[in-house]
>>> print(open('run_1.csv').read())   # CSV, C-alpha atoms
chain,number,residue,atom,x,y,z
A,934,MET,CA,62.2,29.4,106.9
A,935,TRP,CA,61.8,33.1,106.4
A,936,ASP,CA,62.9,32.8,102.8
A,937,ALA,CA,60.5,29.8,102.3
A,938,GLY,CA,57.6,32.0,103.6
A,939,GLY,CA,58.3,34.7,101.1
A,940,SER,CA,60.7,36.9,103.2
A,941,LYS,CA,57.8,38.9,104.6
A,942,THR,CA,58.6,41.9,106.8
A,943,SER,CA,55.1,42.1,108.3
A,944,GLU,CA,52.0,39.9,108.8
A,945,THR,CA,51.4,37.5,111.6
A,946,TRP,CA,54.1,35.2,113.0
A,947,GLU,CA,52.7,32.1,111.3
A,948,GLU,CA,52.4,34.0,108.0
A,949,VAL,CA,56.1,35.0,108.2
A,950,PHE,CA,57.5,31.7,109.5
A,951,GLY,CA,54.8,29.1,108.9
A,952,LYS,CA,53.5,26.5,111.4
A,953,GLY,CA,55.0,23.6,113.3
A,954,ALA,CA,57.8,22.9,115.8
A,955,LYS,CA,60.5,24.8,113.9
A,956,ALA,CA,58.3,28.0,113.8
A,957,ASP,CA,57.5,27.6,117.4
A,958,GLU,CA,61.2,27.3,118.3
A,959,ILE,CA,62.0,30.5,116.4
A,960,PHE,CA,59.2,32.2,118.3
A,961,MET,CA,60.7,31.0,121.6
A,962,ALA,CA,64.2,32.1,120.5
A,963,TRP,CA,63.1,35.5,119.5
A,964,ASN,CA,61.4,36.2,122.7
A,965,TYR,CA,64.2,34.9,124.9
A,966,ALA,CA,66.6,37.0,122.9
A,967,ARG,CA,64.6,40.1,123.2
A,968,TYR,CA,64.2,39.7,126.9
A,969,LEU,CA,67.9,39.0,127.5
A,970,ASP,CA,68.8,41.9,125.3
A,971,ALA,CA,66.8,44.2,127.5
A,972,VAL,CA,68.4,42.8,130.6
A,973,THR,CA,71.9,43.2,129.0
A,974,GLN,CA,71.2,46.7,127.9
A,975,ALA,CA,70.2,47.7,131.4
A,976,GLY,CA,73.2,46.0,132.9
A,977,LYS,CA,75.6,47.7,130.5
A,978,LYS,CA,74.4,51.1,131.7
A,979,GLU,CA,75.8,50.1,135.1
A,980,TYR,CA,78.9,48.1,134.0
A,981,ALA,CA,80.0,48.5,130.3
A,982,ILE,CA,81.4,45.0,130.0
A,983,PRO,CA,80.9,42.3,127.4
A,984,MET,CA,78.0,39.9,127.8
A,985,PHE,CA,77.8,36.4,126.6
A,986,VAL,CA,75.1,33.8,126.6
A,987,ASN,CA,75.8,30.1,127.1
A,988,ALA,CA,74.5,27.6,124.6
A,989,TRP,CA,73.4,24.0,125.5
A,990,ILE,CA,74.4,22.0,122.4
A,991,VAL,CA,71.8,19.8,120.8
A,992,GLN,CA,72.8,16.2,121.7
A,993,PRO,CA,72.8,13.3,119.3
A,994,GLU,CA,69.8,11.6,121.0
A,995,ASP,CA,67.7,14.8,120.8
A,996,LYS,CA,65.0,14.4,118.2
A,997,GLY,CA,63.6,17.9,118.1
A,998,PRO,CA,62.6,21.0,120.1
A,999,GLY,CA,61.7,20.0,123.6
A,1000,ASP,CA,64.4,17.4,123.9
A,1001,TYR,CA,66.9,20.2,124.7
A,1002,PRO,CA,66.4,23.7,126.1
A,1003,SER,CA,64.6,25.0,123.0
A,1004,GLY,CA,64.9,28.6,121.9
A,1005,GLY,CA,68.4,29.0,123.3
A,1006,PRO,CA,71.4,30.2,121.3
A,1007,GLN,CA,72.0,26.9,119.6
A,1008,ASN,CA,73.7,27.0,116.2
A,1009,HIS,CA,70.4,26.7,114.2
A,1010,MET,CA,69.0,29.7,116.2
A,1011,HIS,CA,72.1,31.8,115.6
A,1012,ASP,CA,70.5,34.2,113.2
A,1013,ILE,CA,67.5,34.8,115.4
A,1014,TRP,CA,69.7,35.6,118.4
A,1015,ARG,CA,72.0,37.9,116.4
A,1016,ALA,CA,68.9,39.9,115.2
A,1017,GLY,CA,67.0,39.8,118.5
A,1018,ALA,CA,69.8,40.5,121.0
A,1019,PRO,CA,72.3,43.1,119.5
A,1020,HIS,CA,73.6,44.1,122.9
A,1021,ILE,CA,74.8,40.5,123.6
A,1022,ASP,CA,78.4,40.3,122.4
A,1023,LEU,CA,79.1,36.6,122.1
A,1024,LEU,CA,77.0,33.5,121.5
A,1025,CYS,CA,79.1,30.8,123.3
A,1026,PRO,CA,78.8,27.0,123.0
A,1027,ASP,CA,79.4,24.5,125.9
A,1028,ILE,CA,81.1,21.7,124.1
A,1029,TYR,CA,81.4,18.2,125.5
A,1030,LEU,CA,80.6,16.2,122.3
A,1031,PRO,CA,83.5,14.6,120.4
A,1032,ASP,CA,83.2,16.9,117.4
A,1033,PHE,CA,84.7,19.9,119.1
A,1034,THR,CA,86.2,21.2,115.8
A,1035,GLY,CA,82.9,21.0,113.9
A,1036,ILE,CA,80.8,22.6,116.7
A,1037,VAL,CA,83.2,25.5,117.3
A,1038,ALA,CA,83.3,26.2,113.6
A,1039,GLN,CA,79.5,26.6,113.6
A,1040,TYR,CA,79.7,29.5,116.0
A,1041,ALA,CA,82.6,31.2,114.3
A,1042,ARG,CA,80.5,33.1,111.8
A,1043,SER,CA,78.5,36.3,111.3
A,1044,GLY,CA,81.1,38.2,113.2
A,1045,ASN,CA,80.5,36.2,116.4
A,1046,PRO,CA,83.8,36.1,118.5
A,1047,ILE,CA,84.6,32.6,119.8
A,1048,PHE,CA,84.7,32.0,123.5
A,1049,VAL,CA,84.2,28.5,124.9
A,1050,PRO,CA,82.8,29.0,128.4
A,1051,GLU,CA,82.7,25.3,129.3
A,1052,SER,CA,84.5,22.2,128.0
A,1053,ALA,CA,87.0,19.5,128.9
A,1054,SER,CA,90.0,20.1,131.1
A,1055,ASP,CA,92.1,16.9,130.4
A,1056,THR,CA,94.3,16.1,127.4
A,1057,ARG,CA,91.3,16.5,125.1
A,1058,GLY,CA,90.7,19.9,126.6
A,1059,ALA,CA,94.3,20.9,125.9
A,1060,ALA,CA,93.7,20.0,122.2
A,1061,ASN,CA,90.4,21.9,122.2
A,1062,ALA,CA,92.0,25.1,123.6
A,1063,PHE,CA,94.8,25.0,121.1
A,1064,TYR,CA,92.4,24.4,118.2
A,1065,ALA,CA,89.9,27.1,119.2
A,1066,ILE,CA,92.5,29.8,119.8
A,1067,GLY,CA,94.7,28.9,116.8
A,1068,GLN,CA,92.2,28.0,114.1
A,1069,GLN,CA,89.0,29.9,115.1
A,1070,ARG,CA,90.7,33.0,116.6
A,1071,ALA,CA,89.0,32.3,120.0
A,1072,ILE,CA,89.5,34.9,122.7
A,1073,GLY,CA,89.3,32.3,125.5
A,1074,TYR,CA,88.6,28.7,126.5
A,1075,SER,CA,87.3,27.9,130.0
A,1076,PRO,CA,87.8,24.4,131.3
A,1077,PHE,CA,85.2,22.8,133.4
A,1078,GLY,CA,86.1,21.7,137.0
A,1079,ILE,CA,89.6,23.2,137.0
A,1080,ASP,CA,89.6,23.0,140.8
A,1081,ASN,CA,88.9,19.2,140.6
A,1082,VAL,CA,92.1,17.2,139.9
A,1083,SER,CA,90.0,14.2,138.7
A,1084,GLN,CA,88.7,16.4,135.9
A,1085,LEU,CA,92.3,17.1,134.8
A,1086,MET,CA,93.1,13.3,134.8
A,1087,ARG,CA,90.1,12.0,132.9
A,1088,ALA,CA,90.6,8.7,131.1
A,1089,GLY,CA,92.2,8.7,127.6
A,1090,PRO,CA,94.8,6.8,125.7
A,1091,ASP,CA,97.5,9.3,126.7
A,1092,ALA,CA,96.1,10.5,130.0
A,1093,PRO,CA,98.1,10.0,133.3
A,1094,GLN,CA,97.2,6.6,134.7
A,1095,PRO,CA,97.3,6.4,138.6
A,1096,ALA,CA,98.1,2.9,139.9
A,1097,GLY,CA,97.3,1.8,143.4
A,1098,ALA,CA,97.9,4.1,146.4
A,1099,GLN,CA,99.8,6.9,144.7
A,1100,PRO,CA,100.8,10.3,146.1
A,1101,PRO,CA,98.8,13.3,144.8
A,1102,PRO,CA,99.6,14.1,141.2
A,1103,ASP,CA,101.8,17.0,140.3
A,1104,VAL,CA,99.1,19.2,138.9
A,1105,ALA,CA,101.5,21.5,137.1
A,1106,ALA,CA,102.8,18.6,135.1
A,1107,LEU,CA,99.3,17.4,133.9
A,1108,PRO,CA,98.5,17.8,130.2
A,1109,PHE,CA,96.1,20.7,130.5
A,1110,SER,CA,98.4,22.7,132.9
A,1111,VAL,CA,101.4,22.2,130.5
A,1112,ALA,CA,99.2,23.3,127.5
A,1113,TYR,CA,98.2,26.5,129.3
A,1114,LYS,CA,101.8,27.3,130.2
A,1115,MET,CA,102.6,27.2,126.6
A,1116,LEU,CA,99.7,29.3,125.6
A,1117,ALA,CA,100.7,31.9,128.3
A,1118,GLN,CA,104.1,32.2,126.8
A,1119,LEU,CA,102.7,32.5,123.3
A,1120,ALA,CA,99.9,35.0,124.1
A,1121,PRO,CA,101.6,38.1,122.6
A,1122,SER,CA,102.5,36.1,119.4
A,1123,ILE,CA,99.0,34.6,119.2
A,1124,LEU,CA,97.3,38.1,119.4
A,1125,GLU,CA,99.6,39.4,116.7
A,1126,HIS,CA,99.0,36.5,114.3
A,1127,GLN,CA,95.3,36.3,115.0
A,1128,ALA,CA,95.1,39.9,113.9
A,1129,ASN,CA,97.3,39.3,110.8
A,1130,GLY,CA,95.6,36.0,109.8
A,1131,THR,CA,98.9,34.1,109.9
A,1132,ILE,CA,97.9,31.5,112.4
A,1133,ALA,CA,96.4,28.0,112.2
A,1134,ALA,CA,96.0,25.0,114.4
A,1135,ALA,CA,95.3,21.2,114.4
A,1136,SER,CA,93.7,18.8,116.8
A,1137,LEU,CA,94.3,15.1,115.9
A,1138,ASN,CA,93.6,11.6,117.2
A,1139,ARG,CA,93.7,8.0,115.9
A,1140,GLN,CA,90.5,8.5,114.0
A,1141,ASN,CA,91.8,11.7,112.4
A,1142,PRO,CA,95.6,11.3,112.4
A,1143,ASP,CA,96.7,13.7,109.6
A,1144,GLN,CA,95.9,17.1,108.3
A,1145,GLN,CA,97.3,19.5,105.6
A,1146,ILE,CA,97.2,23.2,106.4
A,1147,GLN,CA,98.2,26.0,104.0
A,1148,LEU,CA,100.0,28.7,106.0
A,1149,GLY,CA,102.3,31.3,104.4
A,1150,ASP,CA,104.2,29.9,101.4
A,1151,TYR,CA,104.0,26.3,102.5
A,1152,ILE,CA,101.6,23.5,103.2
A,1153,LEU,CA,102.1,22.1,106.7
A,1154,ASN,CA,101.7,18.3,106.7
A,1155,VAL,CA,100.6,17.7,110.3
A,1156,GLY,CA,100.3,14.3,111.8
A,1157,LEU,CA,100.5,12.2,114.9
A,1158,PRO,CA,104.1,11.1,115.6
A,1159,ARG,CA,105.2,8.0,113.8
A,1160,ASN,CA,108.1,5.6,114.4
A,1161,ARG,CA,110.9,6.4,111.9
A,1162,ARG,CA,111.1,2.8,110.8
A,1163,THR,CA,107.3,2.0,110.7
A,1164,PRO,CA,105.6,5.3,109.6
A,1165,ALA,CA,102.4,3.5,108.7
A,1166,VAL,CA,101.6,2.6,112.3
A,1167,VAL,CA,99.3,5.3,113.8
A,1168,PRO,CA,99.7,5.8,117.6
A,1169,ASP,CA,96.6,6.1,119.9
A,1170,VAL,CA,97.3,9.5,121.3
A,1171,THR,CA,95.8,13.0,121.1
A,1172,GLY,CA,97.9,15.5,119.2
A,1173,TYR,CA,97.5,19.3,119.0
A,1174,GLY,CA,99.4,22.4,117.9
A,1175,ILE,CA,99.4,26.0,117.0
A,1176,PHE,CA,101.4,27.2,114.0
A,1177,MET,CA,102.4,30.8,113.1
A,1178,ALA,CA,104.0,32.1,110.0
A,1179,THR,CA,106.6,34.6,111.4
A,1180,GLY,CA,108.3,35.5,108.1
A,1181,PRO,CA,109.3,34.2,104.7
A,1182,ASP,CA,110.3,30.6,105.2
A,1183,GLU,CA,110.0,30.9,109.0
A,1184,TYR,CA,107.5,29.4,111.5
A,1185,LEU,CA,106.8,29.3,115.2
A,1186,LEU,CA,105.3,26.0,116.2
A,1187,ALA,CA,103.9,24.8,119.5
A,1188,GLY,CA,102.0,21.7,120.7
A,1189,ASN,CA,102.3,18.1,121.7
A,1190,ASN,CA,102.3,14.7,120.0
A,1191,LEU,CA,102.7,16.1,116.5
A,1192,GLN,CA,105.1,15.9,113.7
A,1193,ILE,CA,105.2,18.5,110.9
A,1194,THR,CA,106.8,18.5,107.4
A,1195,PHE,CA,106.6,21.3,104.9
A,1196,THR,CA,105.7,21.4,101.2
A,1197,PRO,CA,106.3,24.5,99.2
A,1198,HIS,CA,103.1,26.2,97.9
A,1199,THR,CA,104.7,28.9,95.6
A,1200,PRO,CA,106.7,28.7,92.4
A,1201,GLY,CA,110.3,27.6,92.9
A,1202,PRO,CA,112.3,24.5,94.0
A,1203,PRO,CA,109.8,21.8,95.0
A,1204,ILE,CA,111.4,20.3,98.2
A,1205,ALA,CA,111.6,22.0,101.6
A,1206,GLY,CA,114.4,21.3,104.1
A,1207,ILE,CA,115.1,22.6,107.5
A,1208,ALA,CA,117.9,25.2,107.6
A,1209,ARG,CA,117.7,26.0,111.3
A,1210,GLN,CA,115.6,24.4,114.1
A,1211,GLU,CA,115.4,25.9,117.6
A,1212,ASN,CA,113.8,24.5,120.7
A,1213,GLY,CA,113.1,27.1,123.4
A,1214,HIS,CA,110.7,29.2,125.4
A,1215,PHE,CA,109.6,32.8,125.9
A,1216,GLU,CA,110.7,34.8,128.9
A,1217,ASN,CA,109.1,38.3,129.3
A,1218,GLY,CA,108.2,38.1,125.6
A,1219,LYS,CA,111.7,37.3,124.5
A,1220,TRP,CA,112.6,34.1,122.7
A,1221,VAL,CA,115.2,32.0,124.6
A,1222,VAL,CA,116.9,29.1,122.7
A,1223,THR,CA,117.2,26.0,124.9
A,1224,ARG,CA,118.9,23.9,122.2
A,1225,PHE,CA,119.5,23.7,118.5
A,1226,LEU,CA,118.1,20.6,116.9
A,1227,ALA,CA,119.5,18.5,114.1
A,1228,GLY,CA,120.2,14.9,113.1
A,1229,ASP,CA,117.7,12.5,114.6
A,1230,ASP,CA,115.9,15.4,116.3
A,1231,SER,CA,114.8,16.5,112.8
A,1232,VAL,CA,114.7,13.2,110.8
A,1233,LEU,CA,111.2,11.8,110.8
A,1234,ARG,CA,111.6,8.9,108.4
A,1235,TYR,CA,114.5,6.6,107.6
A,1236,ASP,CA,113.0,5.3,104.3
A,1237,ILE,CA,114.6,8.2,102.4
A,1238,ALA,CA,114.1,6.8,98.9
A,1239,THR,CA,110.3,6.6,99.6
A,1240,VAL,CA,110.0,10.1,100.9
A,1241,ALA,CA,112.2,11.5,98.1
A,1242,ASP,CA,109.7,10.0,95.6
A,1243,MET,CA,107.0,11.9,97.6
A,1244,GLY,CA,108.9,15.2,97.1
A,1245,GLN,CA,109.9,15.3,100.8
A,1246,SER,CA,113.2,15.6,102.6
A,1247,GLY,CA,112.4,13.1,105.3
A,1248,SER,CA,113.0,15.8,108.0
A,1249,GLY,CA,110.6,17.9,109.9
A,1250,VAL,CA,109.5,19.0,113.4
A,1251,ARG,CA,108.4,16.7,116.2
A,1252,LEU,CA,106.6,18.6,119.0
A,1253,THR,CA,106.6,16.9,122.4
A,1254,ALA,CA,105.5,18.9,125.5
A,1255,PRO,CA,106.8,20.1,127.8
A,1256,ASP,CA,110.5,19.8,126.9
A,1257,ARG,CA,110.2,20.3,123.1
A,1258,GLY,CA,106.7,21.8,122.9
A,1259,ILE,CA,107.8,25.1,121.4
A,1260,GLN,CA,110.1,25.4,118.3
A,1261,ARG,CA,111.1,27.9,115.7
A,1262,VAL,CA,112.2,26.8,112.3
A,1263,ARG,CA,113.7,28.4,109.2
A,1264,LEU,CA,113.2,26.5,105.9
A,1265,TYR,CA,115.1,26.4,102.6
A,1266,ARG,CA,114.1,24.9,99.2
A,1267,TYR,CA,116.0,22.8,96.8
A,1268,GLN,CA,115.6,20.8,93.6
>>> encode(input="run_1.csv", output="structure tokens")
Amino acid sequence: MWDAGGSKTSETWEEVFGKGAKADEIFMAWNYARYLDAVTQAGKKEYAIPMFVNAWIVQPEDKGPGDYPSGGPQNHMHDIWRAGAPHIDLLCPDIYLPDFTGIVAQYARSGNPIFVPESASDTRGAANAFYAIGQQRAIGYSPFGIDNVSQLMRAGPDAPQPAGAQPPPDVAALPFSVAYKMLAQLAPSILEHQANGTIAAASLNRQNPDQQIQLGDYILNVGLPRNRRTPAVVPDVTGYGIFMATGPDEYLLAGNNLQITFTPHTPGPPIAGIARQENGHFENGKWVVTRFLAGDDSVLRYDIATVADMGQSGSGVRLTAPDRGIQRVRLYRYQ
């Protein structure tokens, strides 16, 4: 709108931004931002700690300004807030809409660090946390209602299903708890690979069951787990994972309800196989191997002739939390 008005650096508000609801919303956003910046600046004189503002996302049924808290740090007001509130460190979205990946990407720009101050705490939340941290370099993800067990057991195709009069659930075994245990183990590696740009993530479901990710010298073909004999059947589950390129031909992989195969992305032999596959965990920052995997642990498809025609080996990694949720692999290439 500023460009459309001639990119003026003076004149009246309407002469700079024009008239109408959009210009009015920019006016509101600018003044909210300036006020909160003054409050933040005063606060930082007492406590020099980061400050974030919490964004109410525009909902699908909202038709325009006034249907949502207009002038807040929504995505389309991002530039106004960055200019008007330089002492605020993070513009942070509350995300409850289904398109978590799209919304979090809208905030990962213009040097804005990602922190999600409020979102799901069930299986979907586990996928959200992995994706935000692994793909958008988030510094944190805060689940809503973490003290409410019912929030951790929200309905879903792969959520725990209580039946009748059951004893209280084992909270530590619920999907979000298991996901956070994995993230805690991976935290030093995540920080290292976020800094190096050698990290990626995926969040999949039945509507979006497959994704290809270039990381290191390979393309990771990430998908929901399939039956070895009927690979065309897509399960109705939530899958998520974080992937780190730890060296030439080596990866650290973590997540749940995923399978991963590898396709070389650099000159050389065109087919990738698994030379070594370890399942394990981290103790005090040290990798501890629980078991070495091979055979049916690594074979993802039995129709070998078909996958050979696809330039694949038929083998890969199947992530299942908690027992096989963290794996390390070394690859080799052949003709």
>>> closest_residue(input="run_1.csv", among="A:Leu1226, A:Ile1132, A:Pro1202, A:Arg1234", to="Pro1158 in chain A", atoms="all atoms listed in the file")
A:Arg1234
>>> atom_distance(input="run_1.csv", atom1="CA of Gln1210 in chain A", atom2="CA of Thr1196 in chain A")
16.5 Å
>>> atom_distance(input="run_1.csv", atom1="CA of Ser1075 in chain A", atom2="CA of Val1037 in chain A")
13.6 Å
>>> residues_around(input="run_1.csv", residues="Phe1077 in chain A", least_positions_apart="6", cutoff="12 Å", atoms="only C-alpha atoms", output="PyMOL selection string")
chain A and resi 1027-1029+1049-1055+1058-1059+1083-1085+1087+1109
>>> closest_residue(input="run_1.csv", among="A:Ile1079, A:Leu1116, A:Ala1187, A:Val1166", to="Asp1256 in chain A", atoms="all atoms listed in the file")
A:Ala1187
>>> closest_atom_pairs(input="run_1.csv", of="range 1017-1044 of chain A", to="range 972-993 of chain A", cutoff="6 Å", atoms="only C-alpha atoms", output="JSON lines")
{"residue": "A:Ile1021", "atom": "CA", "partner": "A:Met984", "partner_atom": "CA", "distance": 5.3}
{"residue": "A:Asp1022", "atom": "CA", "partner": "A:Met984", "partner_atom": "CA", "distance": 5.4}
{"residue": "A:Leu1023", "atom": "CA", "partner": "A:Phe985", "partner_atom": "CA", "distance": 4.7}
{"residue": "A:Leu1024", "atom": "CA", "partner": "A:Val986", "partner_atom": "CA", "distance": 5.5}
{"residue": "A:Cys1025", "atom": "CA", "partner": "A:Asn987", "partner_atom": "CA", "distance": 5.1}
{"residue": "A:Pro1026", "atom": "CA", "partner": "A:Ala988", "partner_atom": "CA", "distance": 4.6}
{"residue": "A:Asp1027", "atom": "CA", "partner": "A:Ala988", "partner_atom": "CA", "distance": 5.9}
>>> closest_residue(input="run_1.csv", among="A:Thr1253, A:Thr1056, A:Gln1144, A:Asn1190", to="Leu1107 in chain A", atoms="all atoms listed in the file")
A:Thr1056
>>> residues_around(input="run_1.csv", residues="range 1203-1205 of chain A", least_positions_apart="3", cutoff="12 Å", atoms="all atoms listed in the file", output="PDB file with C-alpha atoms, keeping the file's coordinate frame")
ATOM      1  CA  ASP A1150     104.200  29.900 101.400  1.00  0.00           C
ATOM      2  CA  TYR A1151     104.000  26.300 102.500  1.00  0.00           C
ATOM      3  CA  ILE A1152     101.600  23.500 103.200  1.00  0.00           C
ATOM      4  CA  LEU A1153     102.100  22.100 106.700  1.00  0.00           C
ATOM      5  CA  ASN A1154     101.700  18.300 106.700  1.00  0.00           C
ATOM      6  CA  ASP A1182     110.300  30.600 105.200  1.00  0.00           C
ATOM      7  CA  GLU A1183     110.000  30.900 109.000  1.00  0.00           C
ATOM      8  CA  ILE A1193     105.200  18.500 110.900  1.00  0.00           C
ATOM      9  CA  THR A1194     106.800  18.500 107.400  1.00  0.00           C
ATOM     10  CA  PHE A1195     106.600  21.300 104.900  1.00  0.00           C
ATOM     11  CA  THR A1196     105.700  21.400 101.200  1.00  0.00           C
ATOM     12  CA  PRO A1197     106.300  24.500  99.200  1.00  0.00           C
ATOM     13  CA  HIS A1198     103.100  26.200  97.900  1.00  0.00           C
ATOM     14  CA  THR A1199     104.700  28.900  95.600  1.00  0.00           C
ATOM     15  CA  PRO A1200     106.700  28.700  92.400  1.00  0.00           C
ATOM     16  CA  ALA A1208     117.900  25.200 107.600  1.00  0.00           C
ATOM     17  CA  VAL A1240     110.000  10.100 100.900  1.00  0.00           C
ATOM     18  CA  ALA A1241     112.200  11.500  98.100  1.00  0.00           C
ATOM     19  CA  ASP A1242     109.700  10.000  95.600  1.00  0.00           C
ATOM     20  CA  MET A1243     107.000  11.900  97.600  1.00  0.00           C
ATOM     21  CA  GLY A1244     108.900  15.200  97.100  1.00  0.00           C
ATOM     22  CA  GLN A1245     109.900  15.300 100.800  1.00  0.00           C
ATOM     23  CA  SER A1246     113.200  15.600 102.600  1.00  0.00           C
ATOM     24  CA  GLY A1247     112.400  13.100 105.300  1.00  0.00           C
ATOM     25  CA  SER A1248     113.000  15.800 108.000  1.00  0.00           C
ATOM     26  CA  GLY A1249     110.600  17.900 109.900  1.00  0.00           C
ATOM     27  CA  VAL A1262     112.200  26.800 112.300  1.00  0.00           C
ATOM     28  CA  ARG A1263     113.700  28.400 109.200  1.00  0.00           C
ATOM     29  CA  LEU A1264     113.200  26.500 105.900  1.00  0.00           C
ATOM     30  CA  TYR A1265     115.100  26.400 102.600  1.00  0.00           C
ATOM     31  CA  ARG A1266     114.100  24.900  99.200  1.00  0.00           C
ATOM     32  CA  TYR A1267     116.000  22.800  96.800  1.00  0.00           C
ATOM     33  CA  GLN A1268     115.600  20.800  93.600  1.00  0.00           C
TER      34      GLN A1268
END
>>> closest_residue(input="run_1.csv", among="A:Asn1138, A:Val1155, A:Gly1218, A:Thr1131", to="Tyr1184 in chain A", atoms="only C-alpha atoms")
A:Thr1131
>>> residues_near_point(input="run_1.csv", point="(70.5, 29.6, 119.4)", cutoff="12 Å", atoms="only C-alpha atoms", output="MDAnalysis selection string")
chainID A and resid 958:966 986:991 998 1001:1018 1023:1026 1039:1040
>>> closest_residue(input="run_1.csv", among="A:Arg1261, A:Arg1070, A:Arg967, A:Lys952", to="Ala1134 in chain A", atoms="all atoms listed in the file")
A:Arg1070
>>> residues_around(input="run_1.csv", residues="Ala1165 in chain A", least_positions_apart="2", cutoff="12 Å", atoms="all atoms listed in the file", output="list in words")
Pro1142, Asp1143, Gly1156, Leu1157, Pro1158, Arg1159, Asn1160, Arg1161, Arg1162, Thr1163, Val1167, Pro1168, Arg1234 and Asp1236 of chain A
>>> atom_distance(input="run_1.csv", atom1="CA of Thr942 in chain A", atom2="CA of Leu969 in chain A")
22.9 Å
